[in-house]
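Undergrad: Below is the file structure.txt, which contains compact mmCIF, C-alpha atoms.
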```
# COMPACT_ATOMS: atom_id res chain seq x y z
CA MET A 1 -45.24 -34.10 97.31
CA PHE A 2 -46.65 -31.09 95.40
CA LYS A 3 -45.03 -28.82 92.83
CA LYS A 4 -44.44 -25.20 93.80
CA GLU A 5 -46.67 -24.19 90.91
CA ILE A 6 -49.67 -26.31 91.93
CA ARG A 7 -52.89 -24.53 90.88
CA VAL A 8 -55.27 -23.68 93.73
CA LEU A 9 -58.47 -21.68 94.11
CA GLY A 10 -59.06 -19.51 97.21
CA ILE A 11 -62.68 -18.41 97.75
CA ASP A 12 -63.95 -15.72 100.13
CA ASP A 13 -67.00 -13.50 100.44
CA GLY A 14 -67.20 -9.73 100.63
CA HIS A 15 -68.87 -7.56 103.22
CA PHE A 16 -72.67 -7.44 103.19
CA ASP A 17 -75.37 -5.81 105.25
CA LYS A 18 -76.72 -8.54 107.50
CA PHE A 19 -79.84 -6.53 108.26
CA LYS A 20 -80.64 -5.92 104.62
CA GLY A 21 -80.45 -9.46 103.24
CA GLY A 22 -79.74 -9.58 99.56
CA GLN A 23 -76.59 -10.87 97.91
CA ALA A 24 -72.97 -11.16 98.99
CA LEU A 25 -70.11 -10.97 96.48
CA VAL A 26 -67.92 -14.11 96.37
CA VAL A 27 -64.44 -13.93 94.83
CA GLY A 28 -62.29 -16.83 93.67
CA ALA A 29 -58.55 -16.17 93.30
CA LEU A 30 -56.63 -18.65 91.15
CA PHE A 31 -53.01 -18.96 92.19
CA ARG A 32 -50.01 -20.93 91.14
CA GLY A 33 -48.80 -22.15 94.55
CA GLY A 34 -48.24 -19.24 96.90
CA ARG A 35 -46.86 -16.71 94.47
CA VAL A 36 -48.57 -16.00 91.17
CA LEU A 37 -52.12 -14.76 90.59
CA ASP A 38 -53.43 -16.48 87.44
CA GLY A 39 -57.06 -15.39 87.31
CA ILE A 40 -60.11 -14.12 89.15
CA LEU A 41 -63.60 -15.62 89.29
CA SER A 42 -66.69 -14.15 90.93
CA THR A 43 -70.30 -14.89 91.76
CA THR A 44 -72.91 -13.87 94.31
CA ILE A 45 -74.70 -15.87 97.00
CA THR A 46 -77.81 -15.11 99.02
CA VAL A 47 -77.09 -13.72 102.49
CA ASP A 48 -78.21 -16.38 105.04
CA GLY A 49 -79.48 -18.41 102.07
CA GLU A 50 -78.95 -21.98 100.91
CA ASP A 51 -77.44 -21.52 97.45
CA GLY A 52 -73.79 -21.26 98.56
CA THR A 53 -72.71 -24.83 97.81
CA HIS A 54 -74.42 -24.84 94.41
CA LYS A 55 -72.91 -21.46 93.45
CA LEU A 56 -69.42 -22.55 94.52
CA ILE A 57 -69.72 -25.77 92.50
CA LEU A 58 -70.61 -23.70 89.42
CA LEU A 59 -67.76 -21.27 90.15
CA ALA A 60 -65.20 -24.06 90.41
CA ASN A 61 -66.51 -26.11 87.48
CA LYS A 62 -67.25 -23.44 84.87
CA ASN A 63 -63.97 -21.71 84.13
CA LYS A 64 -61.04 -22.24 81.82
CA PHE A 65 -58.68 -23.13 84.68
CA LYS A 66 -60.77 -26.08 85.93
CA PRO A 67 -58.58 -28.92 84.59
CA GLN A 68 -55.59 -27.51 86.49
CA ILE A 69 -57.16 -26.78 89.88
CA ARG A 70 -55.80 -29.17 92.52
CA CYS A 71 -57.32 -27.73 95.69
CA ILE A 72 -60.03 -25.31 96.86
CA PHE A 73 -59.50 -23.22 100.00
CA LEU A 74 -62.48 -21.70 101.81
CA ASP A 75 -62.55 -19.25 104.73
CA GLY A 76 -64.47 -21.63 106.99
CA ILE A 77 -67.74 -23.22 105.92
CA THR A 78 -70.00 -20.22 106.54
CA MET A 79 -70.22 -17.61 103.78
CA GLY A 80 -72.64 -14.72 103.29
CA GLY A 81 -73.73 -14.92 106.92
CA PHE A 82 -75.20 -18.37 107.48
CA ASN A 83 -75.10 -19.67 103.92
CA LEU A 84 -73.32 -22.89 104.87
CA ILE A 85 -71.05 -24.67 102.42
CA ASP A 86 -71.26 -28.46 102.18
CA ILE A 87 -67.57 -29.16 101.54
CA ARG A 88 -68.25 -32.86 100.87
CA ARG A 89 -70.73 -32.02 98.11
CA LEU A 90 -68.34 -29.35 96.77
CA ASN A 91 -65.59 -31.97 96.60
CA ALA A 92 -67.83 -34.66 95.05
CA ALA A 93 -69.32 -32.35 92.40
CA THR A 94 -66.00 -30.83 91.33
CA GLY A 95 -63.59 -33.71 91.89
CA ILE A 96 -61.32 -31.19 93.64
CA PRO A 97 -60.25 -31.54 97.30
CA ALA A 98 -61.68 -28.79 99.52
CA ILE A 99 -60.11 -27.34 102.65
CA ALA A 100 -62.07 -25.00 104.94
CA ILE A 101 -59.59 -22.89 106.87
CA MET A 102 -60.10 -21.12 110.20
CA ARG A 103 -57.67 -18.90 112.08
CA LYS A 104 -59.26 -19.76 115.40
CA PHE A 105 -60.98 -22.87 116.67
CA PRO A 106 -64.63 -22.14 115.89
CA ASP A 107 -67.27 -21.93 118.61
CA VAL A 108 -69.37 -24.70 117.05
CA SER A 109 -72.01 -24.80 119.77
CA LYS A 110 -72.54 -21.03 119.45
CA ILE A 111 -73.02 -21.32 115.67
CA LYS A 112 -75.50 -24.15 116.24
CA SER A 113 -77.54 -22.10 118.76
CA VAL A 114 -77.66 -19.13 116.37
CA LEU A 115 -78.89 -21.42 113.58
CA GLU A 116 -81.60 -22.73 115.88
CA ALA A 117 -82.51 -19.23 117.03
CA ILE A 118 -83.01 -18.06 113.43
CA GLY A 119 -85.00 -21.20 112.57
CA GLN A 120 -82.36 -22.82 110.35
CA GLN A 121 -81.80 -26.01 112.36
CA GLU A 122 -81.47 -28.06 109.18
CA LYS A 123 -78.08 -26.45 108.57
CA VAL A 124 -76.66 -27.92 111.78
CA LYS A 125 -76.07 -31.18 109.92
CA LEU A 126 -73.77 -29.39 107.47
CA ILE A 127 -71.62 -28.28 110.38
CA ASP A 128 -71.38 -31.82 111.73
CA GLY A 129 -70.96 -33.16 108.19
CA ALA A 130 -67.93 -30.96 107.53
CA GLY A 131 -65.93 -33.43 109.61
CA PRO A 132 -63.41 -33.13 112.42
CA ILE A 133 -61.51 -29.90 112.87
CA ILE A 134 -57.79 -30.51 112.68
CA CYS A 135 -54.87 -28.27 113.51
CA ILE A 136 -52.24 -27.85 110.76
CA ASN A 137 -49.44 -25.27 110.79
CA LYS A 138 -51.08 -23.13 113.53
CA ILE A 139 -54.43 -22.88 111.74
CA PHE A 140 -57.54 -25.06 111.91
CA ALA A 141 -59.06 -26.90 108.98
CA GLN A 142 -61.85 -29.19 107.85
CA LEU A 143 -61.04 -31.46 104.91
CA ALA A 144 -63.01 -33.05 102.09
CA GLY A 145 -61.36 -35.42 99.62
CA ILE A 146 -57.84 -34.99 100.99
CA THR A 147 -55.84 -36.56 103.80
CA PRO A 148 -54.40 -34.43 106.64
CA GLU A 149 -50.91 -35.32 105.41
CA LYS A 150 -51.59 -34.10 101.86
CA ALA A 151 -53.44 -31.04 103.17
CA LYS A 152 -50.33 -30.08 105.14
CA ALA A 153 -48.18 -30.55 102.03
CA VAL A 154 -50.48 -28.28 99.96
CA LEU A 155 -50.51 -25.64 102.70
CA ASP A 156 -46.71 -25.78 102.96
CA VAL A 157 -46.51 -24.83 99.27
CA CYS A 158 -49.32 -22.24 99.23
CA CYS A 159 -48.67 -20.32 102.49
CA THR A 160 -45.76 -18.12 101.48
CA ARG A 161 -46.57 -14.94 103.43
CA SER A 162 -48.61 -16.07 106.42
CA ASN A 163 -50.34 -19.17 107.80
CA ILE A 164 -53.13 -18.59 105.27
CA PRO A 165 -52.73 -19.68 101.62
CA GLU A 166 -51.97 -16.68 99.40
CA ALA A 167 -54.98 -17.54 97.19
CA LEU A 168 -57.31 -17.24 100.18
CA ARG A 169 -55.61 -14.09 101.50
CA ALA A 170 -55.95 -12.49 98.03
CA ALA A 171 -59.62 -13.55 97.68
CA HIS A 172 -60.32 -11.90 101.03
CA LEU A 173 -58.53 -8.65 100.12
CA ILE A 174 -60.24 -8.49 96.73
CA ALA A 175 -63.78 -9.25 97.97
CA SER A 176 -63.52 -6.71 100.79
CA GLY A 177 -61.70 -4.09 98.69
CA VAL A 178 -64.21 -4.24 95.84
CA VAL A 179 -67.24 -4.05 98.14
CA LEU A 180 -65.96 -1.53 100.70
CA GLY A 181 -63.62 0.57 98.53
CA GLU A 182 -60.62 -0.42 100.67
CA SER A 183 -59.65 -3.91 101.81
CA ARG A 184 -59.74 -4.69 105.52
CA GLY A 185 -58.19 -7.08 108.00
CA LYS A 186 -56.45 -10.41 107.63
CA ALA A 187 -53.94 -8.86 105.18
CA MET B 1 -32.11 2.37 92.92
CA PHE B 2 -35.35 0.99 94.38
CA LYS B 3 -35.95 -1.64 97.03
CA LYS B 4 -37.55 -4.91 95.96
CA GLU B 5 -40.39 -4.15 98.36
CA ILE B 6 -41.22 -0.70 96.97
CA ARG B 7 -44.97 -0.05 97.37
CA VAL B 8 -46.83 0.57 94.11
CA LEU B 9 -50.46 0.96 93.06
CA GLY B 10 -51.73 -0.56 89.79
CA ILE B 11 -55.08 0.78 88.57
CA ASP B 12 -57.32 -0.69 85.85
CA ASP B 13 -60.99 -0.58 84.91
CA GLY B 14 -63.45 -3.42 84.45
CA HIS B 15 -65.63 -4.25 81.50
CA PHE B 16 -68.63 -1.99 80.87
CA ASP B 17 -71.37 -1.71 78.30
CA LYS B 18 -70.33 1.13 76.02
CA PHE B 19 -73.83 1.44 74.62
CA LYS B 20 -75.45 1.66 78.03
CA GLY B 21 -73.36 4.39 79.62
CA GLY B 22 -73.35 4.26 83.39
CA GLN B 23 -70.42 3.45 85.61
CA ALA B 24 -67.27 1.37 85.17
CA LEU B 25 -65.62 -0.40 88.11
CA VAL B 26 -62.03 0.71 88.78
CA VAL B 27 -59.72 -1.49 90.88
CA GLY B 28 -56.47 -0.46 92.56
CA ALA B 29 -54.05 -3.26 93.52
CA LEU B 30 -51.42 -2.37 96.10
CA PHE B 31 -48.28 -4.43 95.71
CA ARG B 32 -44.93 -4.66 97.38
CA GLY B 33 -42.67 -4.68 94.33
CA GLY B 34 -43.63 -7.43 91.92
CA ARG B 35 -44.55 -10.13 94.40
CA VAL B 36 -46.87 -9.42 97.33
CA LEU B 37 -50.46 -8.18 97.20
CA ASP B 38 -50.94 -5.84 100.17
CA GLY B 39 -54.43 -4.45 99.62
CA ILE B 40 -57.24 -3.66 97.22
CA LEU B 41 -58.98 -0.34 96.56
CA SER B 42 -61.97 0.30 94.35
CA THR B 43 -64.13 3.07 92.97
CA THR B 44 -66.34 3.73 89.96
CA ILE B 45 -66.03 6.25 87.12
CA THR B 46 -68.53 7.45 84.56
CA VAL B 47 -68.26 5.72 81.19
CA ASP B 48 -67.02 8.32 78.65
CA GLY B 49 -67.25 10.89 81.47
CA GLU B 50 -64.85 13.44 82.92
CA ASP B 51 -64.57 12.34 86.56
CA GLY B 52 -61.73 9.82 86.06
CA THR B 53 -58.83 12.00 87.18
CA HIS B 54 -60.71 13.26 90.24
CA LYS B 55 -61.80 9.74 91.24
CA LEU B 56 -58.26 8.38 90.84
CA ILE B 57 -56.86 11.21 92.96
CA LEU B 58 -59.34 10.31 95.73
CA LEU B 59 -58.53 6.60 95.35
CA ALA B 60 -54.79 7.19 95.68
CA ASN B 61 -55.03 9.78 98.48
CA LYS B 62 -57.70 8.31 100.75
CA ASN B 63 -56.37 4.97 101.94
CA LYS B 64 -54.19 3.72 104.75
CA PHE B 65 -51.33 2.79 102.39
CA LYS B 66 -50.92 6.33 100.99
CA PRO B 67 -47.70 7.26 102.84
CA GLN B 68 -45.93 4.22 101.40
CA ILE B 69 -47.03 4.41 97.75
CA ARG B 70 -44.07 5.30 95.51
CA CYS B 71 -45.58 4.90 92.06
CA ILE B 72 -48.95 4.61 90.31
CA PHE B 73 -49.31 2.45 87.18
CA LEU B 74 -52.22 2.99 84.80
CA ASP B 75 -53.28 0.95 81.78
CA GLY B 76 -52.90 3.86 79.37
CA ILE B 77 -54.63 7.19 79.96
CA THR B 78 -58.11 6.19 78.80
CA MET B 79 -60.35 4.45 81.31
CA GLY B 80 -64.09 3.70 81.21
CA GLY B 81 -64.17 4.31 77.47
CA PHE B 82 -63.07 7.90 76.88
CA ASN B 83 -62.81 9.07 80.46
CA LEU B 84 -59.29 10.43 80.03
CA ILE B 85 -56.86 10.57 82.93
CA ASP B 86 -54.73 13.69 83.35
CA ILE B 87 -51.56 12.00 84.65
CA ARG B 88 -49.93 15.37 85.41
CA ARG B 89 -52.82 16.40 87.66
CA LEU B 90 -52.85 12.92 89.22
CA ASN B 91 -49.16 13.28 90.02
CA ALA B 92 -49.50 16.86 91.32
CA ALA B 93 -52.52 16.14 93.52
CA THR B 94 -51.08 12.95 95.06
CA GLY B 95 -47.35 13.68 95.09
CA ILE B 96 -46.87 10.21 93.60
CA PRO B 97 -45.20 9.59 90.21
CA ALA B 98 -47.63 8.20 87.61
CA ILE B 99 -46.77 5.90 84.71
CA ALA B 100 -49.33 5.14 81.99
CA ILE B 101 -48.38 1.83 80.38
CA MET B 102 -49.31 0.58 76.92
CA ARG B 103 -48.48 -2.78 75.36
CA LYS B 104 -48.61 -1.32 71.86
CA PHE B 105 -47.81 2.11 70.51
CA PRO B 106 -51.20 3.84 70.61
CA ASP B 107 -52.88 5.14 67.48
CA VAL B 108 -53.06 8.70 68.81
CA SER B 109 -54.56 10.24 65.69
CA LYS B 110 -57.35 7.65 65.71
CA ILE B 111 -58.19 8.39 69.35
CA LYS B 112 -58.25 12.11 68.53
CA SER B 113 -60.64 11.61 65.60
CA VAL B 114 -62.99 9.50 67.74
CA LEU B 115 -62.99 12.22 70.42
CA GLU B 116 -63.87 14.80 67.77
CA ALA B 117 -66.52 12.52 66.28
CA ILE B 118 -68.25 12.14 69.67
CA GLY B 119 -68.01 15.89 70.37
CA GLN B 120 -65.36 15.64 73.11
CA GLN B 121 -62.60 17.68 71.41
CA GLU B 122 -61.63 19.27 74.72
CA LYS B 123 -60.12 15.94 75.80
CA VAL B 124 -57.58 16.04 72.95
CA LYS B 125 -55.43 18.35 75.07
CA LEU B 126 -55.20 15.65 77.77
CA ILE B 127 -53.71 13.28 75.21
CA ASP B 128 -51.13 15.85 74.14
CA GLY B 129 -50.56 16.83 77.78
CA ALA B 130 -49.71 13.28 78.80
CA GLY B 131 -46.30 13.86 77.25
CA PRO B 132 -44.05 11.91 74.90
CA ILE B 133 -44.52 8.17 74.57
CA ILE B 134 -41.31 6.37 75.43
CA CYS B 135 -40.32 2.76 74.99
CA ILE B 136 -39.03 0.97 78.11
CA ASN B 137 -38.45 -2.80 78.39
CA LYS B 138 -40.56 -3.62 75.30
CA ILE B 139 -43.60 -1.64 76.49
CA PHE B 140 -44.62 1.98 75.92
CA ALA B 141 -45.16 4.54 78.63
CA GLN B 142 -46.09 8.14 79.41
CA LEU B 143 -44.56 9.57 82.58
CA ALA B 144 -45.58 12.21 85.12
CA GLY B 145 -43.25 13.18 87.96
CA ILE B 146 -40.59 10.60 87.20
CA THR B 147 -37.61 10.44 84.86
CA PRO B 148 -37.33 7.71 82.20
CA GLU B 149 -34.31 6.33 84.05
CA LYS B 150 -36.19 6.00 87.34
CA ALA B 151 -39.27 4.66 85.55
CA LYS B 152 -37.14 1.87 84.10
CA ALA B 153 -35.73 1.09 87.55
CA VAL B 154 -39.25 0.86 89.05
CA LEU B 155 -40.43 -1.36 86.20
CA ASP B 156 -37.39 -3.60 86.61
CA VAL B 157 -38.45 -4.26 90.22
CA CYS B 158 -42.21 -4.56 89.61
CA CYS B 159 -42.34 -6.65 86.41
CA THR B 160 -41.64 -10.13 87.77
CA ARG B 161 -43.90 -12.22 85.53
CA SER B 162 -44.25 -10.26 82.29
CA ASN B 163 -43.42 -6.85 80.83
CA ILE B 164 -46.36 -5.43 82.80
CA PRO B 165 -46.01 -4.60 86.53
CA GLU B 166 -47.66 -7.29 88.65
CA ALA B 167 -49.80 -4.63 90.37
CA LEU B 168 -51.29 -3.60 87.03
CA ARG B 169 -51.69 -7.20 85.83
CA ALA B 170 -53.52 -8.04 89.08
CA ALA B 171 -55.75 -4.92 88.86
CA HIS B 172 -56.73 -5.98 85.35
CA LEU B 173 -57.53 -9.59 86.35
CA ILE B 174 -59.52 -8.46 89.39
CA ALA B 175 -61.55 -5.75 87.63
CA SER B 176 -62.45 -8.06 84.74
CA GLY B 177 -63.03 -11.12 86.96
CA VAL B 178 -65.34 -9.30 89.35
CA VAL B 179 -67.39 -7.70 86.56
CA LEU B 180 -67.53 -10.63 84.11
CA GLY B 181 -67.41 -13.58 86.51
CA GLU B 182 -64.13 -14.77 84.98
CA SER B 183 -61.03 -12.72 84.23
CA ARG B 184 -59.97 -12.27 80.62
CA GLY B 185 -56.88 -11.48 78.58
CA LYS B 186 -53.55 -9.95 79.45
CA ALA B 187 -53.00 -12.54 82.19
```
Would you mind writing the structure in this file as structure tokens?
TA:
Amino acid sequence: MFKKEIRVLGIDDGHFDKFKGGQALVVGALFRGGRVLDGILSTTITVDGEDGTHKLILLANKNKFKPQIRCIFLDGITMGGFNLIDIRRLNAATGIPAIAIMRKFPDVSKIKSVLEAIGQQEKVKLIDGAGPIICINKIFAQLAGITPEKAKAVLDVCCTRSNIPEALRAAHLIASGVVLGESRGKA
Amino acid sequence: MFKKEIRVLGIDDGHFDKFKGGQALVVGALFRGGRVLDGILSTTITVDGEDGTHKLILLANKNKFKPQIRCIFLDGITMGGFNLIDIRRLNAATGIPAIAIMRKFPDVSKIKSVLEAIGQQEKVKLIDGAGPIICINKIFAQLAGITPEKAKAVLDVCCTRSNIPEALRAAHLIASGVVLGESRGKA
């Protein structure tokens, strides 16, 4: 269904100090399928802020690879703490399908109570709006602008070394390695 | 001579403002051969400074991958402007062979005159000390702690997409993409 060289963008955030606020680094890794790194994008988002979706739309839209990008992978819908990503708006504003990927089934009610505890109830609707959580190839995902069947086909092409797409695995290693000096976890 | 999964470290610097001084980001990309990204390291060096060799020694020595690293690739011996890397000291202090790679034959006499013009004559000896420039697989290289024959064998394994080792190509894309927002050139 998809070529082995399909262009995809994996996006992940770097470590940040949750007690200091400020900005979190966000890295986008452009891959051809699950093998070749084609380019790197970066931006920053406000820790626990509300600019995540807007910044990701700019990141995906304003780069020379845009016309080729066929899918965006995110590490869940929370970045930079509780800066929630509206994957439907990301999909609509870029025209690119978005897949939020989770290794474990998320504790949605816990996330909702934390949001209420920190006075950010309005973000609860983004969690509900991200749609049903489906299980594909031993991971969990929320989809925007793509069917479960096509999402599985994209993942089959892009997951060459683990259950996580290489683009997302690389974005994670890069964001954590650049911020911390040495990459951590999920490698 | 070398396994396809030989662990190598590619190191490159990011963009910096040469009129502002300050620090340049340096990224290390750990690869298995020419295919799999295993981890990311990072540090900073002083633009036009003298701490490059010391910082690269720390970068290569102080990480969990150290026991596996079989070769270090550099993008030439100048990083962060004229912060020259002593590849012999890098090799001696890490026990890892070092290969400085250049796409074109460098204009050595021009570099020497610039160093003299900016009052950094003492760095000229690092250029001479980096040893003869040899041509391997259409690129140019200076070697420390490795024979030309073995250097060719390592390059044959690590250059899967171009004449440049994937680890070095990735380090370049990452360092420029993180600093500039979008990676440039040599991709």
Undergrad: Could you check the closest approach to chain B for each of A:Glu166, A:Asp12, A:Glu50, A:Glu5 and tell me which residue wins, using all atoms listed in the file?
TA: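 Of A:Glu166, A:Asp12, A:Glu50, A:Glu5, the one nearest chain B is A:Glu166, counting all atoms listed in the file.
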Undergrad: So how many Å separate atom CA of Ile118 of chain B and atom CA of His15 of chain B, to one decimal?
TA: 20.4 Å
Undergrad: Please return the superposed copy of chain A as a compact mmCIF listing (two decimals) with C-alpha atoms, in the coordinates of the input; the fit should be least squares onto chain B across all sequentially paired Cα atoms.
TA:
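Final output, out.txt:
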```txt
# COMPACT_ATOMS: atom_id res chain seq x y z
CA MET A 1 -32.09 2.35 92.91
CA PHE A 2 -35.35 0.97 94.37
CA LYS A 3 -35.95 -1.66 97.03
CA LYS A 4 -37.56 -4.92 95.96
CA GLU A 5 -40.39 -4.16 98.37
CA ILE A 6 -41.22 -0.71 96.98
CA ARG A 7 -44.97 -0.06 97.36
CA VAL A 8 -46.83 0.58 94.10
CA LEU A 9 -50.46 0.96 93.06
CA GLY A 10 -51.73 -0.56 89.78
CA ILE A 11 -55.09 0.78 88.57
CA ASP A 12 -57.32 -0.69 85.85
CA ASP A 13 -60.98 -0.57 84.90
CA GLY A 14 -63.43 -3.41 84.45
CA HIS A 15 -65.61 -4.24 81.49
CA PHE A 16 -68.61 -1.99 80.87
CA ASP A 17 -71.34 -1.72 78.28
CA LYS A 18 -70.31 1.12 76.00
CA PHE A 19 -73.82 1.43 74.61
CA LYS A 20 -75.43 1.66 78.01
CA GLY A 21 -73.33 4.40 79.62
CA GLY A 22 -73.34 4.27 83.36
CA GLN A 23 -70.41 3.44 85.60
CA ALA A 24 -67.26 1.37 85.17
CA LEU A 25 -65.61 -0.40 88.11
CA VAL A 26 -62.01 0.72 88.78
CA VAL A 27 -59.71 -1.48 90.88
CA GLY A 28 -56.46 -0.46 92.56
CA ALA A 29 -54.06 -3.27 93.52
CA LEU A 30 -51.42 -2.38 96.11
CA PHE A 31 -48.27 -4.43 95.72
CA ARG A 32 -44.93 -4.67 97.38
CA GLY A 33 -42.67 -4.67 94.30
CA GLY A 34 -43.63 -7.43 91.91
CA ARG A 35 -44.55 -10.13 94.39
CA VAL A 36 -46.86 -9.43 97.30
CA LEU A 37 -50.45 -8.18 97.19
CA ASP A 38 -50.93 -5.84 100.17
CA GLY A 39 -54.42 -4.44 99.62
CA ILE A 40 -57.23 -3.67 97.21
CA LEU A 41 -58.96 -0.34 96.57
CA SER A 42 -61.96 0.31 94.34
CA THR A 43 -64.14 3.07 92.96
CA THR A 44 -66.34 3.73 89.94
CA ILE A 45 -66.02 6.25 87.11
CA THR A 46 -68.54 7.45 84.55
CA VAL A 47 -68.25 5.71 81.18
CA ASP A 48 -67.04 8.34 78.64
CA GLY A 49 -67.26 10.89 81.46
CA GLU A 50 -64.85 13.43 82.91
CA ASP A 51 -64.56 12.35 86.54
CA GLY A 52 -61.73 9.82 86.05
CA THR A 53 -58.83 12.00 87.19
CA HIS A 54 -60.71 13.27 90.24
CA LYS A 55 -61.80 9.74 91.24
CA LEU A 56 -58.27 8.38 90.85
CA ILE A 57 -56.85 11.21 92.98
CA LEU A 58 -59.34 10.32 95.73
CA LEU A 59 -58.53 6.61 95.35
CA ALA A 60 -54.79 7.20 95.70
CA ASN A 61 -55.03 9.79 98.48
CA LYS A 62 -57.69 8.31 100.76
CA ASN A 63 -56.37 4.97 101.95
CA LYS A 64 -54.18 3.71 104.75
CA PHE A 65 -51.33 2.79 102.39
CA LYS A 66 -50.91 6.32 100.98
CA PRO A 67 -47.70 7.27 102.84
CA GLN A 68 -45.95 4.21 101.40
CA ILE A 69 -47.03 4.40 97.75
CA ARG A 70 -44.06 5.28 95.53
CA CYS A 71 -45.58 4.90 92.06
CA ILE A 72 -48.95 4.61 90.31
CA PHE A 73 -49.30 2.46 87.19
CA LEU A 74 -52.22 2.99 84.81
CA ASP A 75 -53.29 0.94 81.78
CA GLY A 76 -52.91 3.86 79.37
CA ILE A 77 -54.62 7.19 79.96
CA THR A 78 -58.10 6.19 78.79
CA MET A 79 -60.35 4.45 81.31
CA GLY A 80 -64.08 3.70 81.21
CA GLY A 81 -64.18 4.32 77.46
CA PHE A 82 -63.08 7.90 76.87
CA ASN A 83 -62.81 9.07 80.46
CA LEU A 84 -59.29 10.44 80.02
CA ILE A 85 -56.87 10.58 82.93
CA ASP A 86 -54.73 13.70 83.35
CA ILE A 87 -51.57 12.01 84.65
CA ARG A 88 -49.92 15.37 85.42
CA ARG A 89 -52.82 16.40 87.66
CA LEU A 90 -52.86 12.91 89.22
CA ASN A 91 -49.16 13.28 90.02
CA ALA A 92 -49.48 16.87 91.32
CA ALA A 93 -52.50 16.13 93.53
CA THR A 94 -51.07 12.95 95.06
CA GLY A 95 -47.35 13.69 95.09
CA ILE A 96 -46.86 10.21 93.61
CA PRO A 97 -45.20 9.61 90.21
CA ALA A 98 -47.62 8.20 87.62
CA ILE A 99 -46.77 5.91 84.72
CA ALA A 100 -49.33 5.15 82.00
CA ILE A 101 -48.40 1.84 80.39
CA MET A 102 -49.32 0.57 76.93
CA ARG A 103 -48.50 -2.78 75.36
CA LYS A 104 -48.63 -1.32 71.87
CA PHE A 105 -47.81 2.11 70.52
CA PRO A 106 -51.20 3.83 70.62
CA ASP A 107 -52.90 5.14 67.48
CA VAL A 108 -53.07 8.70 68.82
CA SER A 109 -54.57 10.24 65.71
CA LYS A 110 -57.36 7.63 65.71
CA ILE A 111 -58.19 8.38 69.36
CA LYS A 112 -58.25 12.10 68.55
CA SER A 113 -60.66 11.60 65.60
CA VAL A 114 -62.99 9.49 67.75
CA LEU A 115 -62.99 12.21 70.42
CA GLU A 116 -63.88 14.77 67.78
CA ALA A 117 -66.54 12.52 66.28
CA ILE A 118 -68.26 12.12 69.67
CA GLY A 119 -67.99 15.86 70.36
CA GLN A 120 -65.35 15.64 73.09
CA GLN A 121 -62.60 17.68 71.40
CA GLU A 122 -61.63 19.27 74.71
CA LYS A 123 -60.12 15.95 75.79
CA VAL A 124 -57.58 16.04 72.96
CA LYS A 125 -55.43 18.34 75.08
CA LEU A 126 -55.18 15.66 77.78
CA ILE A 127 -53.72 13.29 75.22
CA ASP A 128 -51.12 15.84 74.14
CA GLY A 129 -50.57 16.84 77.77
CA ALA A 130 -49.72 13.28 78.81
CA GLY A 131 -46.30 13.86 77.25
CA PRO A 132 -44.07 11.91 74.89
CA ILE A 133 -44.53 8.17 74.58
CA ILE A 134 -41.33 6.37 75.44
CA CYS A 135 -40.33 2.76 74.99
CA ILE A 136 -39.03 0.97 78.11
CA ASN A 137 -38.47 -2.78 78.41
CA LYS A 138 -40.58 -3.61 75.30
CA ILE A 139 -43.62 -1.64 76.48
CA PHE A 140 -44.63 1.98 75.91
CA ALA A 141 -45.16 4.54 78.65
CA GLN A 142 -46.08 8.12 79.42
CA LEU A 143 -44.56 9.58 82.59
CA ALA A 144 -45.57 12.21 85.12
CA GLY A 145 -43.26 13.20 87.97
CA ILE A 146 -40.59 10.61 87.20
CA THR A 147 -37.61 10.44 84.87
CA PRO A 148 -37.33 7.71 82.19
CA GLU A 149 -34.31 6.33 84.05
CA LYS A 150 -36.19 6.00 87.35
CA ALA A 151 -39.28 4.66 85.56
CA LYS A 152 -37.15 1.87 84.10
CA ALA A 153 -35.73 1.10 87.55
CA VAL A 154 -39.25 0.86 89.06
CA LEU A 155 -40.44 -1.35 86.20
CA ASP A 156 -37.39 -3.61 86.60
CA VAL A 157 -38.45 -4.26 90.21
CA CYS A 158 -42.22 -4.55 89.62
CA CYS A 159 -42.35 -6.65 86.41
CA THR A 160 -41.64 -10.11 87.76
CA ARG A 161 -43.89 -12.22 85.52
CA SER A 162 -44.25 -10.26 82.30
CA ASN A 163 -43.43 -6.84 80.83
CA ILE A 164 -46.37 -5.42 82.81
CA PRO A 165 -46.01 -4.60 86.53
CA GLU A 166 -47.65 -7.29 88.67
CA ALA A 167 -49.81 -4.62 90.38
CA LEU A 168 -51.28 -3.60 87.03
CA ARG A 169 -51.69 -7.20 85.83
CA ALA A 170 -53.53 -8.04 89.09
CA ALA A 171 -55.75 -4.92 88.87
CA HIS A 172 -56.74 -5.98 85.36
CA LEU A 173 -57.53 -9.58 86.36
CA ILE A 174 -59.52 -8.45 89.40
CA ALA A 175 -61.55 -5.74 87.62
CA SER A 176 -62.44 -8.06 84.74
CA GLY A 177 -63.02 -11.12 86.96
CA VAL A 178 -65.34 -9.28 89.35
CA VAL A 179 -67.39 -7.70 86.56
CA LEU A 180 -67.53 -10.62 84.11
CA GLY A 181 -67.40 -13.58 86.51
CA GLU A 182 -64.12 -14.78 84.98
CA SER A 183 -61.02 -12.71 84.23
CA ARG A 184 -59.98 -12.26 80.61
CA GLY A 185 -56.89 -11.49 78.58
CA LYS A 186 -53.56 -9.93 79.44
CA ALA A 187 -53.01 -12.55 82.18
```
Undergrad: Quick one: of B:Pro165, B:Gly145, B:Gly52, B:Pro97, who's nearest to Ile69 of chain B, counting all atoms listed in the file?
TA: B:Pro97
Undergrad: Which residue gives the smallest distance to Gly10 of chain A among A:Ala167, A:Ile127, A:Ala144, A:Val154, with only C-alpha atoms counted?
TA: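 Of A:Ala167, A:Ile127, A:Ala144, A:Val154, the one nearest Gly10 of chain A, counting only C-alpha atoms, is A:Ala167.
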